[in-house]
file model_10.cif (mmCIF, C-alpha atoms)
data_input
loop_
_atom_site.label_atom_id
_atom_site.label_comp_id
_atom_site.auth_asym_id
_atom_site.auth_seq_id
_atom_site.Cartn_x
_atom_site.Cartn_y
_atom_site.Cartn_z
CA SER A 1 -20.55 56.57 49.83
CA TRP A 2 -20.34 59.93 48.05
CA THR A 3 -17.11 60.92 49.81
CA VAL A 4 -15.45 57.63 48.87
CA GLU A 5 -16.43 57.97 45.20
CA MET A 6 -15.16 61.55 45.03
CA ALA A 7 -11.80 60.41 46.44
CA CYS A 8 -11.76 57.52 43.97
CA LEU A 9 -12.38 59.89 41.06
CA LYS A 10 -9.57 62.22 42.12
CA GLN A 11 -7.12 59.33 42.54
CA SER A 12 -7.98 57.30 39.43
CA THR A 13 -4.84 55.90 37.83
CA SER A 14 -6.37 54.58 34.59
CA PHE A 15 -9.12 55.36 32.13
CA PHE A 16 -11.10 52.25 33.07
CA GLU A 17 -10.91 53.03 36.78
CA ALA A 18 -12.24 56.54 36.14
CA VAL A 19 -15.07 55.22 33.94
CA GLU A 20 -16.19 52.77 36.61
CA CYS A 21 -16.08 55.50 39.22
CA LEU A 22 -18.22 57.81 37.06
CA ARG A 23 -20.76 55.03 36.60
CA ARG A 24 -21.03 54.59 40.37
CA VAL A 25 -21.33 58.38 40.77
CA ARG A 26 -24.25 58.38 38.35
CA VAL A 27 -26.00 55.64 40.36
CA LEU A 28 -25.53 57.58 43.60
CA LEU A 29 -26.85 60.81 42.11
CA ARG A 30 -30.07 59.13 40.98
CA GLU A 31 -30.88 58.52 44.65
CA VAL A 32 -30.46 62.19 45.65
CA ASP A 33 -33.15 64.88 45.27
CA LYS A 34 -32.35 67.56 42.69
CA SER A 35 -32.15 70.38 45.24
CA ASP A 36 -29.79 68.36 47.44
CA ARG A 37 -27.63 67.39 44.45
CA ILE A 38 -27.07 71.06 43.63
CA LYS A 39 -26.56 72.07 47.24
CA PHE A 40 -24.36 69.24 48.56
CA CYS A 41 -22.86 67.35 45.59
CA LYS A 42 -22.13 69.76 42.74
CA ALA A 43 -19.08 71.48 44.24
CA ASP A 44 -17.49 68.14 45.20
CA TYR A 45 -18.11 66.74 41.74
CA ASP A 46 -16.69 69.79 39.92
CA THR A 47 -13.55 69.67 42.10
CA ALA A 48 -13.06 65.94 41.46
CA VAL A 49 -13.48 66.32 37.69
CA LYS A 50 -10.97 69.20 37.62
CA ALA A 51 -8.47 66.98 39.45
CA LEU A 52 -9.13 64.17 36.98
CA ARG A 53 -8.57 66.48 34.00
CA ARG A 54 -5.09 67.28 35.27
CA MET A 55 -4.13 63.59 34.90
CA LYS A 56 -3.06 63.66 31.26
CA ASN A 57 -2.42 59.91 31.18
CA VAL A 58 -6.01 59.22 32.29
CA TRP A 59 -8.14 62.01 30.81
CA SER A 60 -9.70 61.38 27.38
CA ASP A 61 -12.51 62.54 25.10
CA ASP A 62 -14.70 59.70 26.36
CA LEU A 63 -14.22 60.79 29.97
CA PHE A 64 -14.99 64.37 28.95
CA ARG A 65 -18.27 63.32 27.32
CA GLU A 66 -19.28 61.20 30.32
CA SER A 67 -18.44 63.92 32.85
CA VAL A 68 -20.37 66.52 30.84
CA SER A 69 -23.28 64.11 30.50
CA ILE A 70 -23.43 63.70 34.30
CA THR A 71 -23.31 67.48 34.75
CA ASN A 72 -26.18 67.97 32.31
CA ASP A 73 -28.25 65.12 33.74
CA PHE A 74 -27.89 65.98 37.42
CA PHE A 75 -26.55 69.51 37.93
CA ASN A 76 -27.89 71.53 35.05
CA GLU A 77 -30.10 74.33 36.42
CA SER A 78 -30.98 75.75 33.00
CA ALA A 79 -34.62 75.56 31.91
CA PHE A 80 -33.40 74.39 28.50
CA VAL A 81 -32.48 71.00 29.93
CA ASN A 82 -36.18 70.25 30.41
CA ILE A 83 -37.15 70.98 26.80
CA PRO A 84 -38.47 67.78 25.18
CA ARG A 85 -36.42 66.61 22.20
CA ASP A 86 -39.37 67.03 19.80
CA VAL A 87 -39.79 70.67 20.89
CA LEU A 88 -36.05 71.30 20.57
CA MET A 89 -36.11 69.89 17.03
CA GLU A 90 -39.01 72.16 16.12
CA ILE A 91 -37.05 75.19 17.38
CA PHE A 92 -34.00 74.14 15.36
CA LEU A 93 -36.07 73.77 12.21
CA TRP A 94 -37.12 77.43 12.40
CA MET A 95 -33.47 78.51 12.25
CA PRO A 96 -31.67 79.38 8.99
CA ILE A 97 -29.06 76.74 8.20
CA ASN A 98 -26.30 79.35 7.88
CA LYS A 99 -26.97 80.36 11.53
CA PHE A 100 -27.03 76.80 12.79
CA ALA A 101 -23.38 76.09 13.61
CA PRO A 102 -23.19 78.07 16.91
CA VAL A 103 -26.16 76.12 18.26
CA LEU A 104 -24.25 72.84 17.96
CA SER A 105 -21.52 74.10 20.30
CA VAL A 106 -23.92 74.90 23.19
CA CYS A 107 -23.86 71.41 24.69
CA TRP A 108 -23.45 67.75 23.80
CA GLU A 109 -27.21 67.09 23.73
CA TRP A 110 -27.89 69.99 21.35
CA CYS A 111 -25.07 68.85 19.08
CA GLU A 112 -26.45 65.31 19.05
CA THR A 113 -29.97 66.51 18.24
CA GLY A 114 -28.81 69.14 15.75
CA THR A 115 -26.74 66.69 13.70
CA SER A 116 -29.31 63.88 13.74
CA ASP A 117 -30.88 62.40 10.63
CA ASP A 118 -34.29 63.45 12.02
CA ILE A 119 -33.31 67.12 11.60
CA TRP A 120 -31.26 66.91 8.41
CA GLY A 121 -33.72 64.60 6.66
CA ILE A 122 -36.29 67.41 6.97
CA TYR A 123 -33.76 70.02 5.84
CA TYR A 124 -32.92 67.83 2.84
CA ARG A 125 -36.57 67.45 1.80
CA ARG A 126 -37.26 71.18 2.22
CA LYS A 127 -34.20 72.31 0.29
CA PHE A 128 -34.15 69.83 -2.58
CA LEU A 129 -37.30 67.71 -2.90
CA MET A 130 -40.12 70.23 -2.42
CA ASN A 131 -39.32 71.92 -5.77
CA ASN A 132 -37.58 68.98 -7.41
CA PRO A 133 -39.35 65.76 -6.37
CA GLY A 134 -37.13 62.70 -6.19
CA MET A 135 -35.82 59.99 -3.92
CA MET A 136 -34.20 60.55 -0.56
CA PRO A 137 -30.50 59.60 -0.58
CA SER A 138 -29.39 56.20 0.60
CA LEU A 139 -27.80 56.30 4.05
CA ALA A 140 -25.55 53.32 3.38
CA SER A 141 -22.43 55.51 3.32
CA ASP A 142 -23.41 59.05 4.39
CA ASP A 143 -25.80 60.60 6.91
CA PHE A 144 -28.37 63.20 5.85
CA MET A 145 -26.22 66.13 6.98
CA THR A 146 -23.32 64.94 4.79
CA SER A 147 -25.69 64.22 1.88
CA PHE A 148 -27.16 67.73 2.22
CA HIS A 149 -23.75 69.42 1.89
CA ILE A 150 -22.67 67.13 -0.95
CA ARG A 151 -25.77 68.09 -2.94
CA LEU A 152 -25.21 71.78 -2.26
CA LYS A 153 -21.77 71.46 -3.87
CA ASP A 154 -23.00 69.22 -6.69
CA PRO A 155 -26.66 70.08 -7.46
CA GLN A 156 -28.82 67.79 -9.55
CA ILE A 157 -30.83 68.73 -12.64
CA GLY A 158 -33.95 70.55 -11.46
CA ASP A 159 -32.36 71.93 -8.28
CA LYS A 160 -32.68 75.62 -7.50
CA VAL A 161 -29.37 77.44 -6.97
CA GLU A 162 -28.36 81.05 -6.26
CA VAL A 163 -26.07 82.87 -8.68
CA ALA A 164 -24.16 86.05 -7.82
CA TRP A 165 -23.94 88.79 -10.46
CA ARG A 166 -21.92 91.95 -9.96
CA GLY A 167 -22.48 94.91 -12.26
CA LYS A 168 -25.24 97.18 -13.51
CA PHE A 169 -28.66 95.70 -14.25
CA ARG A 170 -31.70 97.18 -15.94
CA LEU A 171 -34.72 95.46 -14.46
CA GLU A 172 -38.03 94.85 -16.22
CA THR A 173 -39.45 97.90 -14.42
CA GLN A 174 -36.72 99.92 -16.18
CA ASP A 175 -35.09 100.59 -12.80
CA VAL A 176 -31.30 100.38 -12.81
CA TYR A 177 -29.56 98.38 -10.10
CA GLN A 178 -25.80 98.45 -9.58
CA GLY A 179 -23.78 96.21 -7.25
CA LEU A 180 -23.86 92.56 -6.20
CA ALA A 181 -27.14 90.73 -6.71
CA TRP A 182 -28.17 87.14 -6.06
CA TRP A 183 -30.49 85.52 -8.60
CA VAL A 184 -32.41 82.27 -8.27
CA ALA A 185 -31.66 79.88 -11.11
CA GLU A 186 -32.49 76.28 -11.99
CA VAL A 187 -30.00 73.64 -13.10
CA VAL A 188 -31.22 72.32 -16.49
CA ASP A 189 -28.16 70.31 -17.52
CA LYS A 190 -24.83 69.20 -16.06
CA HIS A 191 -21.55 67.76 -17.34
CA GLN A 192 -20.60 65.36 -14.55
CA SER A 193 -16.96 64.78 -15.49
CA GLN A 194 -16.18 68.48 -15.99
CA GLY A 195 -18.25 69.74 -13.08
CA ARG A 196 -20.05 72.21 -15.36
CA TYR A 197 -23.72 73.20 -15.20
CA LYS A 198 -26.25 74.88 -17.46
CA ILE A 199 -28.72 77.10 -15.64
CA ARG A 200 -31.79 79.10 -16.56
CA TYR A 201 -33.45 81.94 -14.71
CA PRO A 202 -37.17 81.21 -14.15
CA GLY A 203 -39.29 83.91 -15.76
CA TRP A 204 -36.43 85.18 -17.93
CA ASP A 205 -35.84 84.66 -21.64
CA SER A 206 -33.63 81.70 -22.62
CA ARG A 207 -30.95 84.09 -23.94
CA TRP A 208 -30.00 84.63 -20.31
CA ASP A 209 -29.22 80.93 -19.82
CA GLU A 210 -25.65 80.30 -18.70
CA ARG A 211 -23.13 77.47 -18.58
#
call {"tool": "encode", "arguments": {"input": "model_10.cif", "output": "structure tokens"}}
result
Amino acid sequence: SWTVEMACLKQSTSFFEAVECLRRVRVLLREVDKSDRIKFCKADYDTAVKALRRMKNVWSDDLFRESVSITNDFFNESAFVNIPRDVLMEIFLWMPINKFAPVLSVCWEWCETGTSDDIWGIYYRRKFLMNNPGMMPSLASDDFMTSFHIRLKDPQIGDKVEVAWRGKFRLETQDVYQGLAWWVAEVVDKHQSQGRYKIRYPGWDSRWDER
């Protein structure tokens, strides 16, 4: 019964005992209507998990993930929990990558979706292959998220990069700009062993090329 399983969870003496108890809790919750789960089970479950967390010799990252998973599956009252994964991915893909990190800390499911190869494969193609057609990286050793950040640090010939210039600039319109400016450039050559690159600025004379 529910009362027995809650007592079992609070009194677990080993990791494996707690895992088995959580599995039985999940089975029981599937048989309870959502409104009744929230009304009659949530408070008991939260209290039992808090008691379990105080057992330092039992509590672990795996138990944390399983307990959070049960909370999200059965007690989450947020409308976000009902968003289909495909819709969630589409929302993520509208976000700038430099604003993406906080999203991954919202919940386990968002972190799992936001770090998946489905998401980062699209980011990789958008960032690198749309303007510089080539092959997708092999996933034998790295996932797409890792491959994305590796290529940012070590761009390939043909990749677009951003270069920061600080100073005074006279633009083609004869306007003068002073301060920090970011300019889009293209990698036209690289010295692999020295980690050096030659870049050109599209639309600008070759005398502006830099190494």
call {"tool": "resolve_selection", "arguments": {"input": "model_10.cif", "expression": "the PyMOL selection byres ((chain A and resi 93) around 12)", "output": "PyMOL selection string"}}
result
chain A and resi 86-92+94-97+99-100+103+113-115+118-124+126
call {"tool": "resolve_selection", "arguments": {"input": "model_10.cif", "expression": "the PyMOL selection byres ((chain A and resi 146-157) around 7)", "output": "PyMOL selection string"}}
result
chain A and resi 124+142-145+158-159+187-190
call {"tool": "residues_near_point", "arguments": {"input": "model_10.cif", "point": "(-16.7, 56.2, 42.7)", "cutoff": "8 Å", "atoms": "only C-alpha atoms", "output": "PyMOL selection string"}}
result
chain A and resi 2+4-9+18+20-25
call {"tool": "atom_distance", "arguments": {"input": "model_10.cif", "atom1": "CA of Pro202 (chain A)", "atom2": "CA of Val163 (chain A)"}}
result
12.5 Å
call {"tool": "axis_aligned_box", "arguments": {"input": "model_10.cif", "around": "region 175-194 of chain A", "padding_each_side": "6 Å", "output": "AutoDock Vina command-line options"}}
result
--center_x -25.6 --center_y 82.7 --center_z -11.8 --size_x 30.9 --size_y 47.8 --size_z 23.5
call {"tool": "atom_distance", "arguments": {"input": "model_10.cif", "atom1": "CA of Lys127 (chain A)", "atom2": "CA of Ser105 (chain A)"}}
result
23.8 Å
call {"tool": "atom_distance", "arguments": {"input": "model_10.cif", "atom1": "CA of Thr71 (chain A)", "atom2": "CA of Leu52 (chain A)"}}
result
14.7 Å
call {"tool": "resolve_selection", "arguments": {"input": "model_10.cif", "expression": "the PyMOL selection byres ((chain A and resi 42) around 12)", "output": "list of chain:residue names"}}
result
A:Trp2, A:Met6, A:Val25, A:Leu29, A:Val32, A:Lys34, A:Ser35, A:Asp36, A:Arg37, A:Ile38, A:Lys39, A:Phe40, A:Cys41, A:Ala43, A:Asp44, A:Tyr45, A:Asp46, A:Thr47, A:Ala48, A:Val49, A:Ile70, A:Thr71, A:Asn72, A:Asp73, A:Phe74, A:Phe75, A:Asn76, A:Glu77
call {"tool": "write_last_selection", "arguments": {"input": "model_10.cif", "atoms": "C-alpha atoms", "output": "compact mmCIF listing (two decimals), in the coordinates of the input"}}
result
# COMPACT_ATOMS: atom_id res chain seq x y z
CA TRP A 2 -20.34 59.93 48.05
CA MET A 6 -15.16 61.55 45.03
CA VAL A 25 -21.33 58.38 40.77
CA LEU A 29 -26.85 60.81 42.11
CA VAL A 32 -30.46 62.19 45.65
CA LYS A 34 -32.35 67.56 42.69
CA SER A 35 -32.15 70.38 45.24
CA ASP A 36 -29.79 68.36 47.44
CA ARG A 37 -27.63 67.39 44.45
CA ILE A 38 -27.07 71.06 43.63
CA LYS A 39 -26.56 72.07 47.24
CA PHE A 40 -24.36 69.24 48.56
CA CYS A 41 -22.86 67.35 45.59
CA ALA A 43 -19.08 71.48 44.24
CA ASP A 44 -17.49 68.14 45.20
CA TYR A 45 -18.11 66.74 41.74
CA ASP A 46 -16.69 69.79 39.92
CA THR A 47 -13.55 69.67 42.10
CA ALA A 48 -13.06 65.94 41.46
CA VAL A 49 -13.48 66.32 37.69
CA ILE A 70 -23.43 63.70 34.30
CA THR A 71 -23.31 67.48 34.75
CA ASN A 72 -26.18 67.97 32.31
CA ASP A 73 -28.25 65.12 33.74
CA PHE A 74 -27.89 65.98 37.42
CA PHE A 75 -26.55 69.51 37.93
CA ASN A 76 -27.89 71.53 35.05
CA GLU A 77 -30.10 74.33 36.42
call {"tool": "residues_around", "arguments": {"input": "model_10.cif", "residues": "region 53-56 of chain A", "least_positions_apart": "3", "cutoff": "12 Å", "atoms": "all atoms listed in the file", "output": "ChimeraX atom specification"}}
result
/A:9-15,18,46-50,59-64,67
call {"tool": "closest_residue", "arguments": {"input": "model_10.cif", "among": "A:Trp204, A:Arg85, A:Lys160, A:Asn131", "to": "Cys111 (chain A)", "atoms": "all atoms listed in the file"}}
result
A:Arg85
call {"tool": "closest_residue", "arguments": {"input": "model_10.cif", "among": "A:Glu186, A:Trp165, A:Asn98, A:Val106", "to": "Asn132 (chain A)", "atoms": "only C-alpha atoms"}}
result
A:Glu186
